[in-house]
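**Q** Supplied in structure tokens, the structure appears directly below.
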Amino acid sequence: MPDTYDTHDTRDTHDTRDTHDTRDTHATRGRPAATAAAGAEPMIAVEGVQKVFDVRRRVPGSLRRERHEVRAVDGITFAVPAGEMVGYIGPNGAGKSTTIKMLTGILTPSGGRVRVAGIDPSRDRARLARRIGVVFGQRTTLWWDLPLRDSYELVRRMYRIEQRRYTRNLDACVDLLDLGPLLEVPVRQLSLGQRMRGDIAAALLHDPEVLYLDEPTIGLDVVSKAKVRGFLATVNAERGTTVLLTTHDLTDIETLCSRVMVIDHGRLMYDGGLDGLHAAGESERTLVVDFARELPAVEVPGARWVRSEGPRQWLAFPAGESAAPLVTALAARYPLVDLSVREPAIEEVIARMYGAA
Amino acid sequence: MGGFYGAVAIRGFRRYATYRIATAAGIFTNTVFGLIISYSYIALWDQRPHLGGYSEAQALTYVWIGQALLAPTALMGGGFENELMERIRSGAIAVDLYRPADLQGWWLASDFGRAAFQLAGRGVLPIAAGSLVFDLALPADPVAWLLFAVAIGLGLTVSFAIRFLVGLSAFWLLDGAGVAQIVWIVALFFSGMLLPLNAFPGTLSAVAQALPWAAILQVPADVLLGRRHGAGALAALAVQAGWAAALLAAGRLLQAVATRRVVVQGG
């Protein structure tokens with residue numbers, strides 16, 4: 001029988017107390033005892049997790065259907081300590097959303113072990129639900145036909161948020177996300193950016209310890225993106241919320257996350273700091289050279305010609321090398337007018353990693 | 001949690017209350033259909049007096065009870081099941097599943113809100129219209145009305161529980177429209193909406209009355225008409241309650257299987 005749907009009575013009381021305890025821990029973060037307790041187990045712990053789907057596909061030219069095994073997530077291990085904000089990136093179909101679904105408990109892993117806030121998500125989904133917040137950029141968790149305020153009111157009852165805490169959290173969100181004028185507007189009339197801000201607020205009203213953001217800036221304009229990023233940074237800094245962020249916009253990662261995980265074909269390709277990505281991606285810097293006249297592709301040791309455009313040429317060299325010997329060599333052989341060095345774009349680094357996989 | 005499901009029900013009520021023109025059109029349709037079926041019944045009862053044990057006045061009352069319950073019980077669709085199937089098909093069900101609310105409880109509350117509005121909006125007025133045109137056999141005894149109210153509540157639960165199963169079928173079929181249509185037709189026939197189940201010939205009548213759809217219209221109507229009274233009425237309510245509990249449990253089981261074994265659509 002569905003143990004996840006058991007009547008909530010006994011568990012809920014227990015839950016509420018749990019949440020209070022952790023809040024207190026955050027409030028007194030400076031205390032060594034509290035820090036040690038929080039550091040004992042990571043907030044998110046994933047060990048060798050797999051998710052295998054059985055998919056039936058039509059065999060071309062016949063009515064027969066064959067079973068195929070799709071390994072959406074193929075043995076992933078990582079841990080996120082409390083209070084950290086981690087970027088989780090990968091191309092479409094890499095397994096990002098499947099991972100998030102396993103972390104919320106709506107998908108059961110085919111193998112491995114998952115713990116979020118000490119809870120096994122798929123076995124204890126209802127209990128975990130009170131301690132996490134989820135934002136799906138492409139779907140709304142709000143109610144289409146209700147004004148924003150009524151949606152929040154339903155969230156308050158669903159999560160049984162104490163009135164004082166609710167008011168405090170809502171006020172903070174309204175303030176930081178400029179929701180004031182939108183509270184009485186039905187969700188269906190909100191623009192994408194407004195709806196996204198509304199969704200993020202809805203996910204935070206119950207003070208979740210962990211926040212999963214699945215492409216929270218997708219389709220937003222530059223101003224809305226900046227607003228959302230600023231807000232997330234504040235939440236992470238002030239409340240100590242652990243955040244796992246998937247995105248295709250690497251500016252999100254560069255602004256918000258000190259750590260990034262790259263997944264492709266269901267496997268973790270990289271887990272570490274942003275800087276380390278460059279080394280891992282064998283990235284190159286670009287030397288842009290303006291000559292006095294149009295020249296055939298130049299040849300210098302240690303650099304690779306990329307392209308020419310009139311008297312301007314682009315040369316690539318390893319990001320770890322110095323540009324000085326190159327410049328000296330070029331100046332000695334060719335009529336040099338001007339030059340500049342371009343740092344590798346993180347997009348290119350990651351594109352190369354995806355390509356390599 | 002009670003407060004939460006109550007709030008969901010109120011929201012369901014309000015949501016339908018905003019569609020005023022649709023409600024007016026629905027009342028008009030129910031009244032017209034009520035008139036058409038009433039005249040067919042008058043012709044039928046003229047040929048076969050006391051068909052199924054009903055007097056002509058009782059038969060006409062039966063018609064108008066049917067029209068009043070058609071929208072609330074969503075016998076011909078219009079309930080939550082299309083929305084549930086659409087959410088499963090699009091993958092939006094993921095949002096519902098990670099919440100600390102029970103999926104079945106949520107939809108039950110929401111569907112009861114809708115049904116409450118449609119009882120008030122599309123139930124009362126057609127009966128009033130019918131009683132202006134025809135001599136209806138409505139009881140004066142408040143106990144009969146009280147039992148009727150309980151029977152309607154149980155009937156709505158049975159109707160919900162069947163449609164919840166239909167909705168969940170989308171987890172496997174992706175498009176549950178075919179299943180929904182088959183179930184609507186079966187429900188229309190076996191609830192007694194077309195003809196009272198008592199008026200069916202021998203074995204068919206017995207089979208029809210043993211099926212859960214009898215709880216949706218036949219039992220409430222018979223309780224109000226006094227065909228079942230006293231201990232008989234209570235026994236009928238108990239059977240309704242039994243079906244409601246069994247079908248809700250089946251839905252719960254299917255929900256557990258669905259959410260554990262089946263892929264949630266969309267990345």
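Lettering and numbering for the structure tokens are positional, with chains as A, B, ... in the shown order, residues counted from 1 in each chain, and ligands counted from 1 in the shown order.
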Give the strand (DSSP E) residues of segment 59-285 of chain A, as DSSP finds them on the backbone, and put them as a count of residues only.
**A** 57
**Q** Using only C-alpha atoms, which chain A residues lie at most 9 Å away from chain B, written as a ChimeraX atom specification?
**A** /A:1-9,53,92-93,95-98,101,104-108,122,125-130,134-136,139-141,145-146,153-160
**Q** Show which residues sit within 9 Å of segment 298-313 of chain A, as a short mmCIF file (atom, residue, chain, number, x, y, z; two decimals) with C-alpha atoms, in the first residue's frame. Count only C-alpha atoms, and ignore same-chain residues fewer than 5 positions away.
**A**
data_model
loop_
_atom_site.label_atom_id
_atom_site.label_comp_id
_atom_site.auth_asym_id
_atom_site.auth_seq_id
_atom_site.Cartn_x
_atom_site.Cartn_y
_atom_site.Cartn_z
CA THR A 286 42.37 33.95 -28.51
CA LEU A 287 44.88 36.49 -29.81
CA VAL A 288 43.27 39.00 -32.15
CA VAL A 289 45.91 40.64 -34.34
CA ASP A 290 45.55 43.62 -36.69
CA PHE A 291 48.24 43.76 -39.39
CA ALA A 292 49.13 46.71 -41.60
CA ARG A 293 47.67 44.92 -44.60
CA PRO A 318 46.33 27.16 -24.79
CA GLU A 321 50.34 29.58 -21.78
CA PRO A 325 56.42 34.91 -26.64
CA LEU A 326 53.70 34.80 -29.29
CA ALA A 329 57.39 36.26 -32.54
CA LEU A 330 54.60 37.95 -34.47
CA TYR A 334 54.96 40.74 -39.51
#
**Q** Contacts of His248 of chain A at 8 Å or less, counting only C-alpha atoms, minus same-chain residues fewer than 2 places along, as a ChimeraX atom specification?
**A** /A:89-91,215,218,246,250
**Q** For a test of reading the model, state the distance in Å between atom CA of Gly118 of chain A and atom CA of Met43 of chain A, rounded to one decimal.
**A**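 Interatomic distance, atom CA of Gly118 of chain A to atom CA of Met43 of chain A: 7.2 Å.
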**Q** Rounded to one decimal place, report the atom CA of Phe33 of chain B-atom CA of Ala68 of chain B distance in Å.
**A**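 About the pair atom CA of Phe33 of chain B and atom CA of Ala68 of chain B: they are 10.9 Å apart.
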